[in-house]
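See structure below.
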Amino acid sequence: MNAPGTNPRHTYSANAAHRQLPFTVRLDWGLEGARTVAAGADIAVVVDVLSFGTCVSVALDRGAEVFPYRWRDTTAEDFAAHHQAQLAGPRHGGGLSLSPASLRAAVALERVVLPSPNGSELCHALAAEVPLVAAVCLRNAAATADWVAANLPGDAVVAVVAAGERWPDGTLRPAVEDQIGAGAFIAGLVATGKGGYEAGDGRHGYAPEAVAAMAVFEAAEPRLRETLQHCASGRELSGAGYAEDVDIAAELDGSDSAAILRGGAFRPL
(Lines give C-alpha, C1' and ligand atoms only; values in the text may rest on other atoms or scores of the structure.)
Protein backbone atom coordinates (compact mmCIF):
# COMPACT_ATOMS: atom_id res chain seq x y z
CA MET A 1 0.00 0.00 0.00
CA ASN A 2 1.15 3.56 0.59
CA ALA A 3 3.23 2.92 3.68
CA PRO A 4 6.46 4.91 3.45
CA GLY A 5 9.89 3.41 3.44
CA THR A 6 12.23 3.55 6.39
CA ASN A 7 15.19 5.31 4.81
CA PRO A 8 16.75 7.16 7.79
CA ARG A 9 17.14 10.35 5.77
CA HIS A 10 13.37 10.45 5.24
CA THR A 11 12.43 9.09 8.64
CA TYR A 12 14.26 11.82 10.56
CA SER A 13 13.76 14.85 8.35
CA ALA A 14 11.50 17.57 9.74
CA ASN A 15 8.83 16.88 7.13
CA ALA A 16 8.86 13.16 7.79
CA ALA A 17 8.71 13.76 11.54
CA HIS A 18 5.49 15.75 11.28
CA ARG A 19 4.06 13.24 8.82
CA GLN A 20 4.79 10.63 11.53
CA LEU A 21 6.82 8.42 9.23
CA PRO A 22 7.27 5.48 9.16
CA PHE A 23 4.18 4.70 11.29
CA THR A 24 1.08 3.39 9.56
CA VAL A 25 -1.40 4.55 12.25
CA ARG A 26 -0.99 8.30 12.78
CA LEU A 27 -2.86 11.08 14.53
CA ASP A 28 -2.93 14.87 14.31
CA TRP A 29 -5.35 17.78 14.78
CA GLY A 30 -7.34 20.04 12.47
CA LEU A 31 -6.97 20.74 8.78
CA GLU A 32 -3.22 21.40 8.68
CA GLY A 33 -2.51 18.35 10.80
CA ALA A 34 -4.86 16.32 8.62
CA ARG A 35 -3.09 17.27 5.42
CA THR A 36 0.26 16.47 7.00
CA VAL A 37 -0.45 12.98 8.34
CA ALA A 38 -2.87 12.04 5.53
CA ALA A 39 -0.30 12.56 2.79
CA GLY A 40 0.04 9.14 1.19
CA ALA A 41 -2.54 7.57 3.52
CA ASP A 42 -5.05 4.98 2.39
CA ILE A 43 -7.83 6.29 4.64
CA ALA A 44 -8.39 9.43 6.70
CA VAL A 45 -10.51 8.94 9.82
CA VAL A 46 -12.09 12.21 10.92
CA VAL A 47 -13.16 12.27 14.56
CA ASP A 48 -15.69 14.91 15.63
CA VAL A 49 -17.60 13.67 18.67
CA LEU A 50 -19.54 16.85 19.48
CA SER A 51 -21.23 16.73 17.10
CA PHE A 52 -20.66 16.08 13.35
CA GLY A 53 -19.48 12.47 13.66
CA THR A 54 -22.31 11.63 16.03
CA CYS A 55 -24.83 13.26 13.67
CA VAL A 56 -23.58 11.15 10.77
CA SER A 57 -23.79 7.99 12.86
CA VAL A 58 -27.34 8.71 14.03
CA ALA A 59 -28.48 9.54 10.49
CA LEU A 60 -26.97 6.38 9.01
CA ASP A 61 -28.65 4.28 11.69
CA ARG A 62 -31.92 5.72 10.40
CA GLY A 63 -31.06 4.71 6.84
CA ALA A 64 -30.34 8.27 5.66
CA GLU A 65 -27.58 9.64 3.44
CA VAL A 66 -25.40 12.49 4.70
CA PHE A 67 -23.57 14.95 2.47
CA PRO A 68 -20.77 16.84 4.24
CA TYR A 69 -20.36 20.44 3.12
CA ARG A 70 -18.22 23.47 3.77
CA TRP A 71 -19.23 25.62 6.71
CA ARG A 72 -21.26 28.80 6.12
CA ASP A 73 -20.96 28.51 2.37
CA THR A 74 -23.60 30.48 0.51
CA THR A 75 -23.91 27.68 -2.04
CA ALA A 76 -25.16 25.17 0.53
CA GLU A 77 -28.82 25.71 -0.33
CA ASP A 78 -28.17 25.12 -4.03
CA PHE A 79 -26.09 22.07 -3.19
CA ALA A 80 -28.91 20.61 -1.07
CA ALA A 81 -31.47 21.32 -3.79
CA HIS A 82 -29.27 19.64 -6.40
CA HIS A 83 -29.11 16.48 -4.27
CA GLN A 84 -32.79 16.71 -3.28
CA ALA A 85 -31.69 16.79 0.35
CA GLN A 86 -32.68 18.67 3.47
CA LEU A 87 -30.19 21.30 4.60
CA ALA A 88 -29.33 21.19 8.29
CA GLY A 89 -29.28 24.64 9.87
CA PRO A 90 -27.95 26.09 13.12
CA ARG A 91 -29.08 24.52 16.37
CA HIS A 92 -31.07 27.56 17.46
CA GLY A 93 -33.03 27.61 14.21
CA GLY A 94 -35.21 24.59 14.97
CA GLY A 95 -35.66 21.61 12.67
CA LEU A 96 -32.69 19.61 11.40
CA SER A 97 -29.38 20.93 12.65
CA LEU A 98 -25.93 19.94 13.81
CA SER A 99 -27.71 18.26 16.72
CA PRO A 100 -27.86 14.46 16.92
CA ALA A 101 -31.12 14.77 18.84
CA SER A 102 -32.73 16.68 15.95
CA LEU A 103 -31.77 13.93 13.51
CA ARG A 104 -33.00 11.20 15.81
CA ALA A 105 -36.33 13.00 16.33
CA ALA A 106 -36.98 13.93 12.68
CA VAL A 107 -40.22 12.47 11.34
CA ALA A 108 -38.65 11.79 7.95
CA LEU A 109 -34.96 11.55 7.18
CA GLU A 110 -33.68 10.41 3.81
CA ARG A 111 -30.98 12.80 2.60
CA VAL A 112 -29.39 15.61 4.55
CA VAL A 113 -26.65 18.14 3.82
CA LEU A 114 -24.73 18.67 7.04
CA PRO A 115 -22.31 21.63 7.13
CA SER A 116 -20.02 22.03 10.12
CA PRO A 117 -16.88 24.09 10.74
CA ASN A 118 -14.84 21.11 11.89
CA GLY A 119 -15.71 17.51 11.00
CA SER A 120 -17.72 18.23 7.86
CA GLU A 121 -15.21 20.70 6.48
CA LEU A 122 -12.38 18.24 7.13
CA CYS A 123 -14.21 15.40 5.36
CA HIS A 124 -15.04 17.67 2.45
CA ALA A 125 -11.41 18.79 2.09
CA LEU A 126 -9.81 15.38 2.56
CA ALA A 127 -12.09 13.69 0.05
CA ALA A 128 -10.03 15.30 -2.70
CA GLU A 129 -6.73 14.12 -1.23
CA VAL A 130 -7.25 10.64 0.25
CA PRO A 131 -8.81 7.53 -1.35
CA LEU A 132 -11.16 6.91 1.59
CA VAL A 133 -12.60 9.12 4.33
CA ALA A 134 -14.46 7.91 7.42
CA ALA A 135 -16.46 9.91 9.97
CA VAL A 136 -15.94 8.54 13.46
CA CYS A 137 -17.46 9.18 16.86
CA LEU A 138 -17.78 7.12 20.00
CA ARG A 139 -20.95 5.46 18.68
CA ASN A 140 -19.21 3.87 15.69
CA ALA A 141 -15.54 3.72 16.71
CA ALA A 142 -15.33 -0.06 17.02
CA ALA A 143 -17.49 -0.64 13.93
CA THR A 144 -15.21 1.58 11.86
CA ALA A 145 -12.08 -0.13 13.16
CA ASP A 146 -13.61 -3.49 12.23
CA TRP A 147 -14.46 -2.17 8.76
CA VAL A 148 -10.89 -0.95 8.20
CA ALA A 149 -9.45 -4.27 9.33
CA ALA A 150 -11.83 -6.22 7.11
CA ASN A 151 -11.56 -4.08 3.98
CA LEU A 152 -8.01 -2.72 3.87
CA PRO A 153 -4.68 -4.58 3.77
CA GLY A 154 -2.74 -4.98 6.98
CA ASP A 155 -0.14 -2.43 5.86
CA ALA A 156 -2.70 0.26 4.98
CA VAL A 157 -1.83 3.73 6.26
CA VAL A 158 -4.53 5.11 8.57
CA ALA A 159 -4.47 8.85 9.27
CA VAL A 160 -6.61 9.67 12.30
CA VAL A 161 -7.66 13.32 12.50
CA ALA A 162 -9.03 14.78 15.71
CA ALA A 163 -11.20 17.64 14.46
CA GLY A 164 -11.15 19.81 17.58
CA GLU A 165 -13.19 22.99 17.97
CA ARG A 166 -12.58 26.66 17.13
CA TRP A 167 -11.72 29.63 19.28
CA PRO A 168 -13.64 32.85 18.49
CA ASP A 169 -10.81 33.97 16.20
CA GLY A 170 -11.12 30.77 14.15
CA THR A 171 -7.97 29.07 15.40
CA LEU A 172 -7.97 25.43 16.45
CA ARG A 173 -9.04 24.54 19.99
CA PRO A 174 -7.99 20.96 20.78
CA ALA A 175 -10.98 19.22 22.36
CA VAL A 176 -10.57 16.28 24.71
CA GLU A 177 -13.73 14.56 23.45
CA ASP A 178 -12.14 14.17 20.02
CA GLN A 179 -8.94 12.80 21.53
CA ILE A 180 -11.08 10.28 23.42
CA GLY A 181 -13.01 9.38 20.25
CA ALA A 182 -9.79 8.97 18.29
CA GLY A 183 -8.44 6.77 21.06
CA ALA A 184 -11.57 4.61 20.96
CA PHE A 185 -11.08 4.02 17.24
CA ILE A 186 -7.37 3.28 17.67
CA ALA A 187 -8.15 0.86 20.51
CA GLY A 188 -10.54 -0.84 18.08
CA LEU A 189 -7.73 -1.20 15.54
CA VAL A 190 -5.50 -2.72 18.20
CA ALA A 191 -8.29 -5.17 19.09
CA THR A 192 -8.42 -6.34 15.47
CA GLY A 193 -4.70 -7.09 15.54
CA LYS A 194 -3.69 -4.43 13.02
CA GLY A 195 0.00 -3.62 13.12
CA GLY A 196 0.93 -6.19 15.75
CA TYR A 197 0.67 -3.64 18.56
CA GLU A 198 2.21 -4.72 21.85
CA ALA A 199 1.65 -2.77 25.05
CA GLY A 200 5.35 -2.92 25.88
CA ASP A 201 6.44 -1.50 22.55
CA GLY A 202 3.99 0.75 20.69
CA ARG A 203 6.37 1.20 17.77
CA HIS A 204 4.73 -1.65 15.88
CA GLY A 205 3.06 0.65 13.39
CA TYR A 206 1.42 3.05 15.86
CA ALA A 207 2.77 6.59 16.22
CA PRO A 208 3.20 7.78 19.82
CA GLU A 209 0.47 10.36 19.15
CA ALA A 210 -1.93 7.51 18.35
CA VAL A 211 -0.86 5.47 21.38
CA ALA A 212 -1.36 8.52 23.62
CA ALA A 213 -4.91 9.02 22.35
CA MET A 214 -5.68 5.38 23.09
CA ALA A 215 -4.42 5.85 26.64
CA VAL A 216 -6.69 8.89 27.08
CA PHE A 217 -9.69 6.83 25.92
CA GLU A 218 -8.84 3.96 28.25
CA ALA A 219 -8.58 6.38 31.17
CA ALA A 220 -11.91 8.02 30.32
CA GLU A 221 -13.91 4.90 29.43
CA PRO A 222 -15.03 3.93 32.97
CA ARG A 223 -16.71 7.36 33.36
CA LEU A 224 -17.22 8.20 29.73
CA ARG A 225 -20.61 9.90 29.92
CA GLU A 226 -19.56 11.99 32.89
CA THR A 227 -16.33 12.98 31.15
CA LEU A 228 -18.21 14.20 28.10
CA GLN A 229 -20.75 16.02 30.24
CA HIS A 230 -18.07 17.89 32.17
CA CYS A 231 -15.50 18.64 29.46
CA ALA A 232 -15.52 22.18 28.07
CA SER A 233 -17.45 21.31 24.90
CA GLY A 234 -19.99 19.24 26.82
CA ARG A 235 -20.64 22.00 29.33
CA GLU A 236 -20.99 24.49 26.50
CA LEU A 237 -23.65 22.38 24.80
CA SER A 238 -25.49 21.56 28.02
CA GLY A 239 -25.47 25.20 29.03
CA ALA A 240 -27.10 26.09 25.71
CA GLY A 241 -29.86 23.52 26.27
CA TYR A 242 -28.41 20.60 24.30
CA ALA A 243 -27.53 18.13 27.05
CA GLU A 244 -29.25 15.36 25.07
CA ASP A 245 -26.68 15.78 22.30
CA VAL A 246 -23.91 15.04 24.81
CA ASP A 247 -25.74 11.95 26.06
CA ILE A 248 -26.16 10.62 22.52
CA ALA A 249 -22.48 11.26 21.80
CA ALA A 250 -21.57 9.13 24.83
CA GLU A 251 -23.31 6.01 23.43
CA LEU A 252 -20.08 4.04 23.10
CA ASP A 253 -20.36 1.43 20.32
CA GLY A 254 -24.08 2.13 20.05
CA SER A 255 -23.91 1.66 16.27
CA ASP A 256 -22.56 -1.19 14.16
CA SER A 257 -22.44 0.90 10.98
CA ALA A 258 -19.22 2.49 9.73
CA ALA A 259 -19.55 5.87 8.00
CA ILE A 260 -17.45 5.76 4.80
CA LEU A 261 -17.61 8.64 2.34
CA ARG A 262 -18.54 7.38 -1.14
CA GLY A 263 -19.53 9.56 -4.07
CA GLY A 264 -19.65 12.63 -1.87
CA ALA A 265 -21.98 11.14 0.75
CA PHE A 266 -22.00 8.89 3.77
CA ARG A 267 -24.46 6.08 3.05
CA PRO A 268 -25.57 3.06 5.08
CA LEU A 269 -23.28 0.15 4.23
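Chain labels follow the order of the C-alpha coordinates: the first chain is A, the next B, and so on; residue numbering restarts at 1 in every chain, and ligands are counted from 1 in their shown order.
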
*Name the residues in contact with segment 90-92 of chain A at a cut-off of 12 Å, using only C-alpha atoms, excluding same-chain residues fewer than 5 positions from it; report them as a count of residues only.*
19

*asked:* Env of segment 33-39 of chain A: 8 Å cut, atoms = only C-alpha atoms, seq-sep filter 2 positions within chain, self excluded. Answer as a list in words.
replied: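 With the cut-off at 8 Å, the set is His18, Arg19, Gln20, Arg26, Leu27, Asp28, Trp29, Gly30, Leu31, Ala41, Ile43, Ala44, Leu122, Leu126, Glu129, Val130, Val158, Ala159, Val160 and Val161 of chain A.
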
Using N, CA, C and O atoms, can you write the selected residues to a file as a PDB file, in the first residue's frame?
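Just written: selection_15.pdb:
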ATOM      1  N   HIS A  18       6.862  15.283  11.115  1.00  0.00           N
ATOM      2  CA  HIS A  18       5.493  15.754  11.278  1.00  0.00           C
ATOM      3  C   HIS A  18       4.489  14.870  10.548  1.00  0.00           C
ATOM      4  O   HIS A  18       3.319  14.781  10.958  1.00  0.00           O
ATOM      5  N   ARG A  19       4.931  14.195   9.509  1.00  0.00           N
ATOM      6  CA  ARG A  19       4.063  13.235   8.820  1.00  0.00           C
ATOM      7  C   ARG A  19       3.949  11.935   9.613  1.00  0.00           C
ATOM      8  O   ARG A  19       3.159  11.077   9.298  1.00  0.00           O
ATOM      9  N   GLN A  20       4.765  11.800  10.648  1.00  0.00           N
ATOM     10  CA  GLN A  20       4.790  10.628  11.527  1.00  0.00           C
ATOM     11  C   GLN A  20       5.215   9.364  10.778  1.00  0.00           C
ATOM     12  O   GLN A  20       4.692   8.275  10.992  1.00  0.00           O
ATOM     13  N   ARG A  26      -1.477   6.972  12.398  1.00  0.00           N
ATOM     14  CA  ARG A  26      -0.991   8.296  12.781  1.00  0.00           C
ATOM     15  C   ARG A  26      -2.143   9.118  13.347  1.00  0.00           C
ATOM     16  O   ARG A  26      -3.305   8.793  13.134  1.00  0.00           O
ATOM     17  N   LEU A  27      -1.812  10.197  14.011  1.00  0.00           N
ATOM     18  CA  LEU A  27      -2.855  11.084  14.533  1.00  0.00           C
ATOM     19  C   LEU A  27      -2.355  12.516  14.580  1.00  0.00           C
ATOM     20  O   LEU A  27      -1.223  12.778  15.009  1.00  0.00           O
ATOM     21  N   ASP A  28      -3.214  13.442  14.139  1.00  0.00           N
ATOM     22  CA  ASP A  28      -2.934  14.867  14.308  1.00  0.00           C
ATOM     23  C   ASP A  28      -4.260  15.614  14.379  1.00  0.00           C
ATOM     24  O   ASP A  28      -5.331  14.999  14.313  1.00  0.00           O
ATOM     25  N   TRP A  29      -4.178  16.941  14.507  1.00  0.00           N
ATOM     26  CA  TRP A  29      -5.346  17.780  14.777  1.00  0.00           C
ATOM     27  C   TRP A  29      -5.631  18.753  13.644  1.00  0.00           C
ATOM     28  O   TRP A  29      -4.702  19.331  13.066  1.00  0.00           O
ATOM     29  N   GLY A  30      -6.911  18.970  13.364  1.00  0.00           N
ATOM     30  CA  GLY A  30      -7.340  20.035  12.471  1.00  0.00           C
ATOM     31  C   GLY A  30      -6.909  19.843  11.033  1.00  0.00           C
ATOM     32  O   GLY A  30      -6.330  18.820  10.651  1.00  0.00           O
ATOM     33  N   LEU A  31      -7.189  20.860  10.211  1.00  0.00           N
ATOM     34  CA  LEU A  31      -6.966  20.735   8.776  1.00  0.00           C
ATOM     35  C   LEU A  31      -5.489  20.640   8.416  1.00  0.00           C
ATOM     36  O   LEU A  31      -5.101  19.803   7.593  1.00  0.00           O
ATOM     37  N   ALA A  41      -1.742   8.523   2.740  1.00  0.00           N
ATOM     38  CA  ALA A  41      -2.536   7.575   3.519  1.00  0.00           C
ATOM     39  C   ALA A  41      -3.568   6.877   2.643  1.00  0.00           C
ATOM     40  O   ALA A  41      -3.959   7.376   1.581  1.00  0.00           O
ATOM     41  N   ILE A  43      -6.561   5.835   4.100  1.00  0.00           N
ATOM     42  CA  ILE A  43      -7.834   6.290   4.636  1.00  0.00           C
ATOM     43  C   ILE A  43      -7.582   7.371   5.682  1.00  0.00           C
ATOM     44  O   ILE A  43      -6.631   7.288   6.454  1.00  0.00           O
ATOM     45  N   ALA A  44      -8.405   8.394   5.658  1.00  0.00           N
ATOM     46  CA  ALA A  44      -8.394   9.432   6.700  1.00  0.00           C
ATOM     47  C   ALA A  44      -9.627   9.219   7.567  1.00  0.00           C
ATOM     48  O   ALA A  44     -10.746   9.099   7.056  1.00  0.00           O
ATOM     49  N   LEU A 122     -13.536  19.131   7.275  1.00  0.00           N
ATOM     50  CA  LEU A 122     -12.385  18.241   7.126  1.00  0.00           C
ATOM     51  C   LEU A 122     -12.682  17.117   6.137  1.00  0.00           C
ATOM     52  O   LEU A 122     -11.874  16.817   5.252  1.00  0.00           O
ATOM     53  N   LEU A 126     -10.645  16.565   2.700  1.00  0.00           N
ATOM     54  CA  LEU A 126      -9.810  15.381   2.563  1.00  0.00           C
ATOM     55  C   LEU A 126     -10.287  14.447   1.460  1.00  0.00           C
ATOM     56  O   LEU A 126      -9.503  13.641   0.939  1.00  0.00           O
ATOM     57  N   GLU A 129      -8.144  14.416  -1.424  1.00  0.00           N
ATOM     58  CA  GLU A 129      -6.727  14.119  -1.228  1.00  0.00           C
ATOM     59  C   GLU A 129      -6.434  12.686  -0.816  1.00  0.00           C
ATOM     60  O   GLU A 129      -5.302  12.231  -0.947  1.00  0.00           O
ATOM     61  N   VAL A 130      -7.446  11.982  -0.306  1.00  0.00           N
ATOM     62  CA  VAL A 130      -7.248  10.641   0.249  1.00  0.00           C
ATOM     63  C   VAL A 130      -8.264   9.686  -0.388  1.00  0.00           C
ATOM     64  O   VAL A 130      -9.421  10.081  -0.592  1.00  0.00           O
ATOM     65  N   VAL A 158      -3.314   4.540   7.990  1.00  0.00           N
ATOM     66  CA  VAL A 158      -4.527   5.110   8.568  1.00  0.00           C
ATOM     67  C   VAL A 158      -4.167   6.436   9.233  1.00  0.00           C
ATOM     68  O   VAL A 158      -3.402   6.464  10.202  1.00  0.00           O
ATOM     69  N   ALA A 159      -4.707   7.521   8.704  1.00  0.00           N
ATOM     70  CA  ALA A 159      -4.470   8.852   9.272  1.00  0.00           C
ATOM     71  C   ALA A 159      -5.679   9.254  10.097  1.00  0.00           C
ATOM     72  O   ALA A 159      -6.755   9.507   9.551  1.00  0.00           O
ATOM     73  N   VAL A 160      -5.524   9.286  11.404  1.00  0.00           N
ATOM     74  CA  VAL A 160      -6.612   9.669  12.301  1.00  0.00           C
ATOM     75  C   VAL A 160      -6.515  11.169  12.546  1.00  0.00           C
ATOM     76  O   VAL A 160      -5.451  11.686  12.899  1.00  0.00           O
ATOM     77  N   VAL A 161      -7.640  11.861  12.364  1.00  0.00           N
ATOM     78  CA  VAL A 161      -7.662  13.316  12.500  1.00  0.00           C
ATOM     79  C   VAL A 161      -8.661  13.701  13.584  1.00  0.00           C
ATOM     80  O   VAL A 161      -9.870  13.480  13.437  1.00  0.00           O
TER      81      VAL A 161
END

*With distances taken over only C-alpha atoms, which of A:Cys231, A:Ala88, A:Met214, A:Val148 is nearest to Cys55 of chain A?*
A:Ala88

*asked:* When you count only C-alpha atoms, which of these residues is closest to Phe185 of chain A: A:Leu152, A:Ala220, A:Ala127, A:Val46?
replied: A:Val46

*From a DSSP pass on the backbone, collect the residues of segment 55-269 of chain A flagged as helix (DSSP H, G or I) and hand them back as a ChimeraX atom specification.*
/A:55-61,76-82,91-93,100-105,119-126,141-151,176-192,194-196,208-230,232-239,243-249

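Minimum atom-to-atom distance to Leu21 of chain A, evaluated using only C-alpha atoms, belongs to A:Gly40 out of A:Gly119, A:Gly170, A:Gly94, A:Gly40.
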
*Please return as a PyMOL selection string: the residues of segment 88-264 of chain A that backbone DSSP assigns to strand (DSSP E).*
chain A and resi 111-115+132-136+158-162+165-166+172-173+259-262

*Between atom CA of Val157 of chain A and atom CA of Phe23 of chain A, what is the spacing in Å?*
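Between atom CA of Phe23 of chain A and atom CA of Val157 of chain A the gap works out to 7.9 Å.
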